[in-house]
$ cat input_16.cif   # mmCIF, C-alpha atoms and all ligand atoms
data_upload
loop_
_atom_site.label_atom_id
_atom_site.label_comp_id
_atom_site.auth_asym_id
_atom_site.auth_seq_id
_atom_site.Cartn_x
_atom_site.Cartn_y
_atom_site.Cartn_z
CA MET A 1366 0.00 0.00 0.00
CA TRP A 1367 2.79 2.42 0.86
CA ASP A 1368 6.55 2.29 0.67
CA TYR A 1369 8.93 5.06 1.68
CA LEU A 1370 11.98 3.39 0.17
CA ALA A 1371 11.47 4.80 -3.34
CA GLU A 1372 11.35 8.29 -1.85
CA TYR A 1373 14.39 7.60 0.36
CA GLU A 1374 16.29 6.46 -2.71
CA LYS A 1375 15.68 9.87 -4.31
CA GLU A 1376 16.18 12.00 -1.20
CA ARG A 1377 18.83 9.99 0.62
CA GLU A 1378 21.58 12.61 0.62
CA ASP A 1379 19.31 15.32 1.92
CA ILE A 1380 17.87 13.09 4.65
CA LEU A 1381 21.28 11.90 5.82
CA ASP A 1382 22.53 15.48 5.76
CA ALA A 1383 19.58 16.45 7.97
CA VAL A 1384 20.48 13.71 10.45
CA ASN A 1385 24.12 14.79 10.46
CA THR A 1386 23.17 18.45 10.90
CA VAL A 1387 21.39 17.59 14.13
CA PHE A 1388 23.99 15.13 15.44
CA ALA A 1389 26.78 17.66 14.78
CA SER A 1390 24.88 20.62 16.24
CA GLY A 1391 25.62 19.87 19.88
CA ARG A 1392 21.93 20.06 20.78
CA LEU A 1393 19.71 16.98 20.50
CA VAL A 1394 16.43 18.17 22.04
CA MET A 1395 14.49 21.38 21.25
CA GLY A 1396 17.27 23.02 19.30
CA ASP A 1397 17.52 25.05 16.09
CA SER A 1398 15.80 22.42 13.95
CA VAL A 1399 12.59 22.32 15.99
CA ARG A 1400 12.57 26.12 16.19
CA GLY A 1401 13.33 26.42 12.47
CA PHE A 1402 10.67 23.92 11.45
CA GLU A 1403 8.09 25.64 13.64
CA GLU A 1404 8.82 28.99 12.02
CA GLU A 1405 8.74 27.57 8.51
CA PHE A 1406 5.58 25.50 9.00
CA ALA A 1407 3.80 28.53 10.52
CA ALA A 1408 5.02 30.67 7.60
CA TYR A 1409 3.80 28.08 5.07
CA HIS A 1410 0.34 28.55 6.59
CA GLY A 1411 0.69 32.30 6.97
CA THR A 1412 -0.16 31.88 10.65
CA ALA A 1413 1.57 33.09 13.80
CA HIS A 1414 2.48 29.90 15.64
CA CYS A 1415 3.42 26.27 15.16
CA VAL A 1416 4.23 24.15 18.20
CA GLY A 1417 6.12 20.95 17.34
CA LEU A 1418 4.84 17.86 19.15
CA ASP A 1419 5.62 14.16 19.35
CA ASN A 1420 2.72 12.85 17.25
CA GLY A 1421 -0.66 13.74 15.77
CA THR A 1422 -2.72 12.17 18.53
CA ASN A 1423 -1.03 14.38 21.11
CA ALA A 1424 -1.36 17.36 18.74
CA ILE A 1425 -5.15 16.88 19.04
CA LYS A 1426 -4.98 16.16 22.77
CA LEU A 1427 -2.82 19.17 23.67
CA GLY A 1428 -4.74 21.28 21.15
CA LEU A 1429 -7.98 20.52 22.98
CA GLN A 1430 -6.42 21.25 26.37
CA ALA A 1431 -4.93 24.51 25.10
CA LEU A 1432 -8.40 25.53 23.90
CA GLY A 1433 -9.79 24.87 27.37
CA VAL A 1434 -11.48 21.53 26.70
CA GLY A 1435 -11.45 19.09 29.62
CA PRO A 1436 -13.48 16.70 31.76
CA GLY A 1437 -17.24 17.04 31.34
CA ASP A 1438 -17.02 18.92 28.03
CA GLU A 1439 -18.51 17.62 24.80
CA VAL A 1440 -16.68 17.76 21.48
CA ILE A 1441 -18.69 17.31 18.27
CA THR A 1442 -16.92 15.26 15.62
CA VAL A 1443 -17.37 12.24 13.31
CA SER A 1444 -17.05 8.49 13.73
CA ASN A 1445 -15.76 8.09 10.16
CA THR A 1446 -12.17 8.96 11.08
CA ALA A 1447 -8.93 7.41 12.24
CA ALA A 1448 -9.53 6.16 15.79
CA PRO A 1449 -6.76 8.43 17.22
CA THR A 1450 -9.02 11.47 16.73
CA ILE A 1451 -11.42 9.98 19.25
CA VAL A 1452 -8.70 8.52 21.49
CA ALA A 1453 -7.37 12.07 21.88
CA ILE A 1454 -10.78 13.55 22.82
CA ASP A 1455 -11.38 10.71 25.28
CA SER A 1456 -7.92 11.13 26.82
CA VAL A 1457 -8.61 14.70 28.00
CA GLY A 1458 -11.73 13.49 29.79
CA ALA A 1459 -14.09 15.07 27.25
CA THR A 1460 -16.96 13.24 25.54
CA PRO A 1461 -16.94 12.81 21.77
CA VAL A 1462 -20.39 13.44 20.25
CA PHE A 1463 -20.79 12.05 16.75
CA VAL A 1464 -22.65 13.38 13.75
CA ASP A 1465 -22.93 11.39 10.53
CA VAL A 1466 -21.02 12.02 7.29
CA ARG A 1467 -22.25 12.97 3.82
CA GLU A 1468 -22.85 10.37 1.10
CA GLN A 1469 -21.05 12.44 -1.51
CA ASP A 1470 -17.63 12.89 0.12
CA PHE A 1471 -17.71 10.93 3.42
CA LEU A 1472 -16.97 14.16 5.37
CA MET A 1473 -18.80 15.61 8.41
CA ASP A 1474 -22.43 16.44 7.57
CA THR A 1475 -22.41 19.98 8.94
CA THR A 1476 -26.22 20.23 8.70
CA GLN A 1477 -26.41 17.80 11.66
CA VAL A 1478 -24.16 19.76 13.99
CA ALA A 1479 -26.65 22.35 15.33
CA ALA A 1480 -28.90 19.59 16.69
CA ALA A 1481 -25.92 18.01 18.50
CA VAL A 1482 -25.02 21.18 20.42
CA THR A 1483 -25.86 21.05 24.16
CA ASP A 1484 -25.00 23.14 27.23
CA ARG A 1485 -21.87 21.04 27.62
CA THR A 1486 -20.57 21.44 24.06
CA ARG A 1487 -17.20 23.14 24.15
CA ALA A 1488 -15.61 22.50 20.77
CA LEU A 1489 -16.16 21.34 17.21
CA LEU A 1490 -13.58 18.96 15.76
CA PRO A 1491 -13.89 18.67 11.97
CA VAL A 1492 -11.69 15.97 10.41
CA HIS A 1493 -10.41 16.87 6.93
CA LEU A 1494 -10.50 13.20 6.00
CA TYR A 1495 -8.60 11.63 3.07
CA GLY A 1496 -7.18 15.04 2.05
CA GLN A 1497 -10.05 17.46 1.58
CA CYS A 1498 -11.69 19.92 3.94
CA VAL A 1499 -14.97 19.78 5.79
CA GLU A 1500 -17.37 22.59 4.87
CA MET A 1501 -16.28 25.21 7.41
CA GLY A 1502 -18.75 28.10 6.86
CA PRO A 1503 -21.62 26.49 8.83
CA LEU A 1504 -19.23 25.35 11.61
CA ARG A 1505 -17.82 28.83 12.04
CA ALA A 1506 -21.32 30.31 12.21
CA LEU A 1507 -22.32 27.79 14.91
CA ALA A 1508 -19.10 28.40 16.84
CA ARG A 1509 -19.80 32.15 16.89
CA GLU A 1510 -23.41 31.65 17.90
CA HIS A 1511 -22.67 29.25 20.79
CA GLY A 1512 -19.19 30.42 21.86
CA LEU A 1513 -17.49 27.16 20.77
CA ARG A 1514 -13.86 26.59 19.81
CA ILE A 1515 -12.85 24.86 16.57
CA LEU A 1516 -9.93 22.42 16.40
CA GLU A 1517 -9.22 21.08 12.90
CA ASP A 1518 -7.85 17.55 12.55
CA CYS A 1519 -5.41 18.15 9.68
CA ALA A 1520 -3.56 14.84 10.00
CA GLN A 1521 -4.59 13.94 6.43
CA ALA A 1522 -4.77 17.41 4.91
CA HIS A 1523 -1.35 19.11 4.76
CA GLY A 1524 -1.56 21.67 1.98
CA ALA A 1525 -5.28 21.14 1.27
CA ARG A 1526 -7.26 24.30 0.50
CA HIS A 1527 -10.83 25.35 1.24
CA HIS A 1528 -12.07 28.32 -0.80
CA GLY A 1529 -8.41 29.24 -1.22
CA ALA A 1530 -7.44 29.09 2.48
CA LEU A 1531 -5.11 26.37 3.77
CA ALA A 1532 -6.34 23.61 6.06
CA GLY A 1533 -4.96 24.58 9.44
CA THR A 1534 -6.08 28.20 9.20
CA LEU A 1535 -9.83 27.59 9.31
CA GLY A 1536 -10.45 27.35 13.08
CA ASP A 1537 -8.92 28.35 16.43
CA ALA A 1538 -6.16 25.74 16.21
CA ALA A 1539 -5.24 22.79 13.98
CA ALA A 1540 -3.52 19.49 14.70
CA PHE A 1541 -1.13 17.84 12.23
CA SER A 1542 0.52 14.42 12.22
CA PHE A 1543 3.85 13.76 10.53
CA TYR A 1544 3.57 9.97 10.76
CA PRO A 1545 5.69 8.66 7.86
CA THR A 1546 2.75 7.88 5.52
CA LYS A 1547 1.18 11.32 5.83
CA VAL A 1548 1.27 13.97 3.10
CA LEU A 1549 4.17 15.54 5.01
CA GLY A 1550 5.85 12.66 6.82
CA ALA A 1551 8.87 12.35 9.10
CA TYR A 1552 11.09 9.25 9.36
CA GLY A 1553 9.30 8.30 12.56
CA ASP A 1554 6.61 9.92 14.69
CA GLY A 1555 5.96 13.65 14.78
CA GLY A 1556 3.16 16.18 15.05
CA ALA A 1557 2.37 19.86 15.50
CA THR A 1558 -0.45 22.17 16.45
CA VAL A 1559 -0.73 25.52 14.70
CA THR A 1560 -2.69 28.54 15.86
CA ALA A 1561 -2.95 32.27 15.26
CA SER A 1562 -3.48 32.88 18.98
CA ASP A 1563 -0.51 33.91 21.17
CA GLU A 1564 -2.30 32.64 24.25
CA VAL A 1565 -3.14 29.19 22.82
CA ALA A 1566 0.44 28.83 21.54
CA GLU A 1567 1.87 29.69 24.95
CA ARG A 1568 -0.32 27.04 26.60
CA LEU A 1569 0.73 24.48 24.00
CA ARG A 1570 4.42 25.20 24.67
CA ARG A 1571 3.89 24.62 28.38
CA LEU A 1572 1.75 21.52 27.91
CA ARG A 1573 4.44 19.81 25.84
CA TYR A 1574 7.16 20.72 28.35
CA TYR A 1575 5.98 19.29 31.70
CA GLY A 1576 3.74 22.32 32.22
CA MET A 1577 6.79 24.51 32.74
CA ALA A 1578 6.95 28.15 31.68
CA ASP A 1579 10.66 28.25 32.56
CA ARG A 1580 13.06 25.48 33.38
CA TYR A 1581 12.22 23.41 36.45
CA TYR A 1582 9.10 25.38 37.46
CA VAL A 1583 5.65 23.96 36.66
CA VAL A 1584 2.84 26.48 36.19
CA GLN A 1585 0.21 24.37 34.46
CA THR A 1586 -1.27 20.88 34.92
CA PRO A 1587 -2.21 18.32 33.70
CA ALA A 1588 0.87 18.48 31.48
CA HIS A 1589 3.01 16.20 29.33
CA ASN A 1590 6.36 15.61 27.74
CA SER A 1591 5.34 15.79 24.09
CA ARG A 1592 8.21 17.43 22.25
CA LEU A 1593 8.89 17.06 18.54
CA ASP A 1594 12.19 15.21 18.07
CA GLU A 1595 15.03 17.37 16.74
CA VAL A 1596 16.08 14.89 14.02
CA HIS A 1597 12.55 14.58 12.67
CA ALA A 1598 12.15 18.35 12.78
CA GLU A 1599 15.22 18.79 10.58
CA ILE A 1600 13.99 16.12 8.15
CA LEU A 1601 10.59 17.81 8.09
CA ARG A 1602 12.23 21.18 7.28
CA ARG A 1603 13.82 19.63 4.21
CA LYS A 1604 10.63 17.85 3.18
CA LEU A 1605 8.44 20.92 3.74
CA ARG A 1606 10.27 22.57 0.84
CA ARG A 1607 9.05 19.69 -1.35
CA LEU A 1608 5.50 19.52 0.05
CA ASP A 1609 3.89 21.15 -2.97
CA THR A 1610 5.70 18.71 -5.26
CA TYR A 1611 4.53 15.72 -3.20
CA ILE A 1612 0.97 17.02 -3.50
CA ALA A 1613 1.30 17.54 -7.27
CA ASP A 1614 2.56 13.95 -7.59
CA ARG A 1615 -0.38 12.64 -5.53
CA ARG A 1616 -2.76 14.57 -7.79
CA ALA A 1617 -1.18 12.99 -10.86
CA VAL A 1618 -1.74 9.52 -9.37
CA ALA A 1619 -5.37 10.48 -8.62
CA ARG A 1620 -5.93 11.73 -12.18
CA ARG A 1621 -4.68 8.44 -13.61
CA TYR A 1622 -7.05 6.44 -11.35
CA ALA A 1623 -9.96 8.70 -12.35
CA GLU A 1624 -9.15 8.15 -16.02
CA GLY A 1625 -8.50 4.41 -15.75
CA LEU A 1626 -11.54 3.60 -13.59
CA ALA A 1627 -14.11 6.08 -14.88
CA ASP A 1628 -16.57 3.59 -16.40
CA THR A 1629 -16.27 0.65 -13.99
CA GLY A 1630 -19.15 1.20 -11.55
CA LEU A 1631 -16.75 2.15 -8.76
CA THR A 1632 -17.67 5.34 -6.94
CA LEU A 1633 -14.55 7.51 -7.18
CA PRO A 1634 -13.61 10.36 -4.79
CA ARG A 1635 -15.71 13.47 -5.32
CA LEU A 1636 -14.37 16.93 -4.75
CA ALA A 1637 -16.58 19.10 -2.55
CA GLU A 1638 -17.22 22.66 -3.68
CA GLY A 1639 -14.34 25.05 -3.02
CA ASN A 1640 -11.88 22.25 -2.14
CA ASP A 1641 -8.41 21.44 -3.44
CA HIS A 1642 -7.79 17.78 -2.59
CA VAL A 1643 -4.33 16.49 -1.55
CA HIS A 1644 -5.32 12.80 -1.85
CA TYR A 1645 -3.77 11.42 1.33
CA VAL A 1646 -5.82 8.29 0.69
CA TYR A 1647 -7.65 7.41 -2.53
CA VAL A 1648 -10.90 5.93 -1.23
CA VAL A 1649 -13.36 4.27 -3.60
CA ARG A 1650 -16.72 2.68 -2.90
CA HIS A 1651 -18.52 -0.40 -4.21
CA PRO A 1652 -21.64 -2.16 -2.83
CA ARG A 1653 -19.88 -5.55 -3.24
CA ARG A 1654 -16.61 -4.40 -1.70
CA ASP A 1655 -15.65 -7.71 -0.10
CA ALA A 1656 -16.13 -9.58 -3.39
CA VAL A 1657 -13.98 -6.99 -5.18
CA LEU A 1658 -11.19 -7.34 -2.60
CA GLU A 1659 -11.43 -11.14 -2.82
CA GLY A 1660 -11.12 -10.97 -6.61
CA LEU A 1661 -8.08 -8.70 -6.34
CA ARG A 1662 -6.41 -11.15 -3.96
CA ALA A 1663 -6.42 -13.70 -6.79
CA HIS A 1664 -4.29 -11.15 -8.71
CA GLY A 1665 -1.91 -10.91 -5.76
CA ILE A 1666 -3.23 -7.48 -4.76
CA GLU A 1667 -4.04 -6.81 -1.13
CA LEU A 1668 -5.76 -3.47 -0.53
CA ASN A 1669 -6.39 -1.52 2.64
CA ILE A 1670 -9.64 -0.18 4.11
CA SER A 1671 -9.64 3.29 5.68
CA TYR A 1672 -11.46 2.47 7.93
CA PRO A 1673 -13.12 -0.93 8.36
CA TRP A 1674 -14.84 -0.17 11.71
CA PRO A 1675 -16.68 3.03 12.58
CA VAL A 1676 -15.18 4.28 15.83
CA HIS A 1677 -18.54 4.36 17.67
CA THR A 1678 -18.93 0.58 17.16
CA MET A 1679 -15.52 -0.32 18.66
CA SER A 1680 -15.54 -2.10 22.04
CA GLY A 1681 -13.04 0.40 23.45
CA PHE A 1682 -15.66 3.12 23.04
CA ALA A 1683 -18.63 1.15 24.41
CA HIS A 1684 -18.74 3.63 27.34
CA LEU A 1685 -19.93 6.31 24.90
CA GLY A 1686 -23.23 4.44 24.58
CA TYR A 1687 -23.63 4.40 20.81
CA ARG A 1688 -25.30 1.50 18.97
CA ARG A 1689 -25.22 0.14 15.49
CA GLY A 1690 -27.80 2.10 13.49
CA ASP A 1691 -27.02 5.47 15.14
CA LEU A 1692 -24.87 6.69 12.21
CA PRO A 1693 -26.26 4.95 9.12
CA VAL A 1694 -24.09 6.55 6.42
CA THR A 1695 -20.87 5.99 8.40
CA GLU A 1696 -21.83 2.37 9.07
CA ARG A 1697 -22.77 1.66 5.46
CA LEU A 1698 -19.53 3.18 4.19
CA ALA A 1699 -17.41 0.98 6.45
CA GLY A 1700 -18.71 -2.04 4.53
CA GLU A 1701 -18.29 -0.53 1.04
CA ILE A 1702 -15.09 1.51 0.92
CA PHE A 1703 -11.52 0.53 0.17
CA SER A 1704 -8.32 2.38 -0.66
CA LEU A 1705 -6.11 2.19 -3.74
CA PRO A 1706 -2.32 2.50 -3.48
CA MET A 1707 -1.53 6.23 -3.18
CA TYR A 1708 1.76 7.97 -2.46
CA PRO A 1709 3.88 10.46 -4.40
CA SER A 1710 6.51 8.02 -5.67
CA LEU A 1711 4.04 5.20 -6.38
CA PRO A 1712 5.63 3.23 -9.24
CA ALA A 1713 3.54 3.48 -12.43
CA GLY A 1714 3.72 -0.31 -12.77
CA ILE A 1715 1.90 -0.85 -9.47
CA GLN A 1716 -0.75 1.68 -10.40
CA GLU A 1717 -1.36 0.17 -13.85
CA LYS A 1718 -1.52 -3.34 -12.40
CA THR A 1719 -4.08 -2.17 -9.84
CA ILE A 1720 -6.21 -0.49 -12.51
CA SER A 1721 -6.20 -3.45 -14.90
CA ALA A 1722 -6.89 -5.99 -12.14
CA LEU A 1723 -9.76 -3.86 -10.85
CA ARG A 1724 -11.23 -3.56 -14.35
CA GLU A 1725 -11.09 -7.32 -14.77
CA VAL A 1726 -12.58 -8.10 -11.34
CA LEU A 1727 -15.37 -5.51 -11.67
CA GLY A 1728 -16.15 -6.64 -15.23
CA ALA A 1729 -16.64 -10.23 -14.04
CA LEU A 1730 -18.83 -9.45 -10.99
C1 LIG B 1801 -2.81 9.78 11.53
C2 LIG B 1801 -4.01 10.42 12.11
C3 LIG B 1801 -4.06 10.83 13.46
C4 LIG B 1801 -3.00 10.45 14.47
O1 LIG B 1801 -1.71 10.86 14.17
P1 LIG B 1801 -0.48 10.05 14.82
O2 LIG B 1801 0.71 10.88 14.43
O3 LIG B 1801 -0.47 8.69 14.21
O4 LIG B 1801 -0.68 10.03 16.29
C5 LIG B 1801 -5.17 11.53 13.89
N1 LIG B 1801 -6.19 11.81 13.06
C6 LIG B 1801 -6.20 11.40 11.77
C7 LIG B 1801 -7.36 11.76 10.90
C8 LIG B 1801 -5.10 10.68 11.26
O5 LIG B 1801 -5.13 10.29 9.98
#
$ encode --input "input_16.cif" --output "structure tokens" --more "lines below"
Ligand SMILES: *Cc1c(COP(=O)(O)O)cnc(C)c1O
Amino acid sequence: MWDYLAEYEKEREDILDAVNTVFASGRLVMGDSVRGFEEEFAAYHGTAHCVGLDNGTNAIKLGLQALGVGPGDEVITVSNTAAPTIVAIDSVGATPVFVDVREQDFLMDTTQVAAAVTDRTRALLPVHLYGQCVEMGPLRALAREHGLRILEDCAQAHGARHHGALAGTLGDAAAFSFYPTKVLGAYGDGGATVTASDEVAERLRRLRYYGMADRYYVVQTPAHNSRLDEVHAEILRRKLRRLDTYIADRRAVARRYAEGLADTGLTLPRLAEGNDHVHYVYVVRHPRRDAVLEGLRAHGIELNISYPWPVHTMSGFAHLGYRRGDLPVTERLAGEIFSLPMYPSLPAGIQEKTISALREVLGAL
């Protein structure tokens, strides 16, 4: 499904130089590379602050805490997401409240959010899933009306645009993951939360550093040690300069799928109005998904499902009290979607083999 080795082959010198830069700098934790990456990632977004963190899950978790979300608060989000979104909400003691997603693009159905708002609602957490943005206008209007904060989950949407504005600049704060597979990926775990607010940024910096404002003196709890690693920060600085190229390459892969699979009965990704898609995952839909995947296996092709289980049906979230049937679109999708190989340096041979096998399997169904 994904292989970083082709990219490493191309970028090896730069990556090894990044590693050497850090090792030779005399400072292995929170040095010039973290500071430099934070400045450059904030500048890329035209926003004031980026706080480098250890992974995307903690970027959501600390982002929520920095926005004042804690025990007893409700956070409105979706169940059609990577489970870490919900793990993060749960881990600050808040309660995730789910709305369903739209048939056309599998993203948060913003028309359902108003009815989910209660006295305890504190924040909205739109997930820009697969690489395109949730419709933000209605969420911003609701946030203004009810005094709610907005945290964007941008773990799959680096560089995506919504009516021209970058994902990460559409709410009060935005959480990114730099897990290796992501649109901007490190060579290990990494994350960041960006914000235009000086106050939120200051809280984030304390939260990631034991709650300390200065060395050895804690001013804020509960706190964490959630720093972005210096080596990954330096690698990310180098890769950030190539982010727009990675996205262009992903779009080229997506165009080829759209062309090669146009008339097969597969439902292909649909672009929502005003969105520029970065195609983190290329998710297609078919009512006989399991038969299609079975047929592909006979061609030696094993595809992934993002995601096979809606979060609200997982046993680890039984305490939330949801049942099967509560989110019909999300539940139906989980049985019908699957993902095609998608990454910037995807070899053309793999893509063509996937397309021709799919055409054969679908033609014989
Ligand atoms: C990857 C991902 C996360 C978690 O990021 P990690 O760096 O793996 O902790 C959160 N939300 C979404 C939507 C993701 O895709």
$ residues_around --input "input_16.cif" --residues "Ala1663 in chain A" --least-positions-apart "5" --cutoff "10 Å" --atoms "all atoms listed in the file" --output "count of residues only"
3
$ atom_distance --input "input_16.cif" --atom1 "CA of Leu1608 in chain A" --atom2 "CA of Pro1545 in chain A"
13.4 Å
$ residues_near_ligand --input "input_16.cif" --ligand "ligand LIG 1801 (chain B)" --cutoff "7 Å" --atoms "only C-alpha atoms and all ligand atoms" --output "number ranges by chain"
A: 1420-1423, 1446-1447, 1449-1450, 1492, 1494, 1518-1521, 1542-1544, 1554-1556
$ residues_near_point --input "input_16.cif" --point "(-14.0, 18.2, 26.6)" --cutoff "12 Å" --atoms "only C-alpha atoms" --output "MDAnalysis selection string"
chainID A and resid 1425:1442 1451 1453:1462 1485:1490 1513:1514 1516
$ closest_atom_pairs --input "input_16.cif" --of "range 1408-1471 of chain A" --to "range 1594-1600 of chain A" --cutoff "12 Å" --atoms "all atoms listed in the file" --output "Markdown table"
| residue | atom | partner | partner_atom | distance |
| --- | --- | --- | --- | --- |
| A:Val1416 | CA | A:Ala1598 | CA | 11.2 |
| A:Gly1417 | CA | A:Ala1598 | CA | 8.0 |
| A:Leu1418 | CA | A:Asp1594 | CA | 7.9 |
| A:Asp1419 | CA | A:Asp1594 | CA | 6.8 |
| A:Asn1420 | CA | A:Asp1594 | CA | 9.8 |
$ closest_residue --input "input_16.cif" --among "A:Val1394, A:Cys1498, A:Met1473, A:Ile1720" --to "Ile1666 in chain A" --atoms "all atoms listed in the file"
A:Ile1720
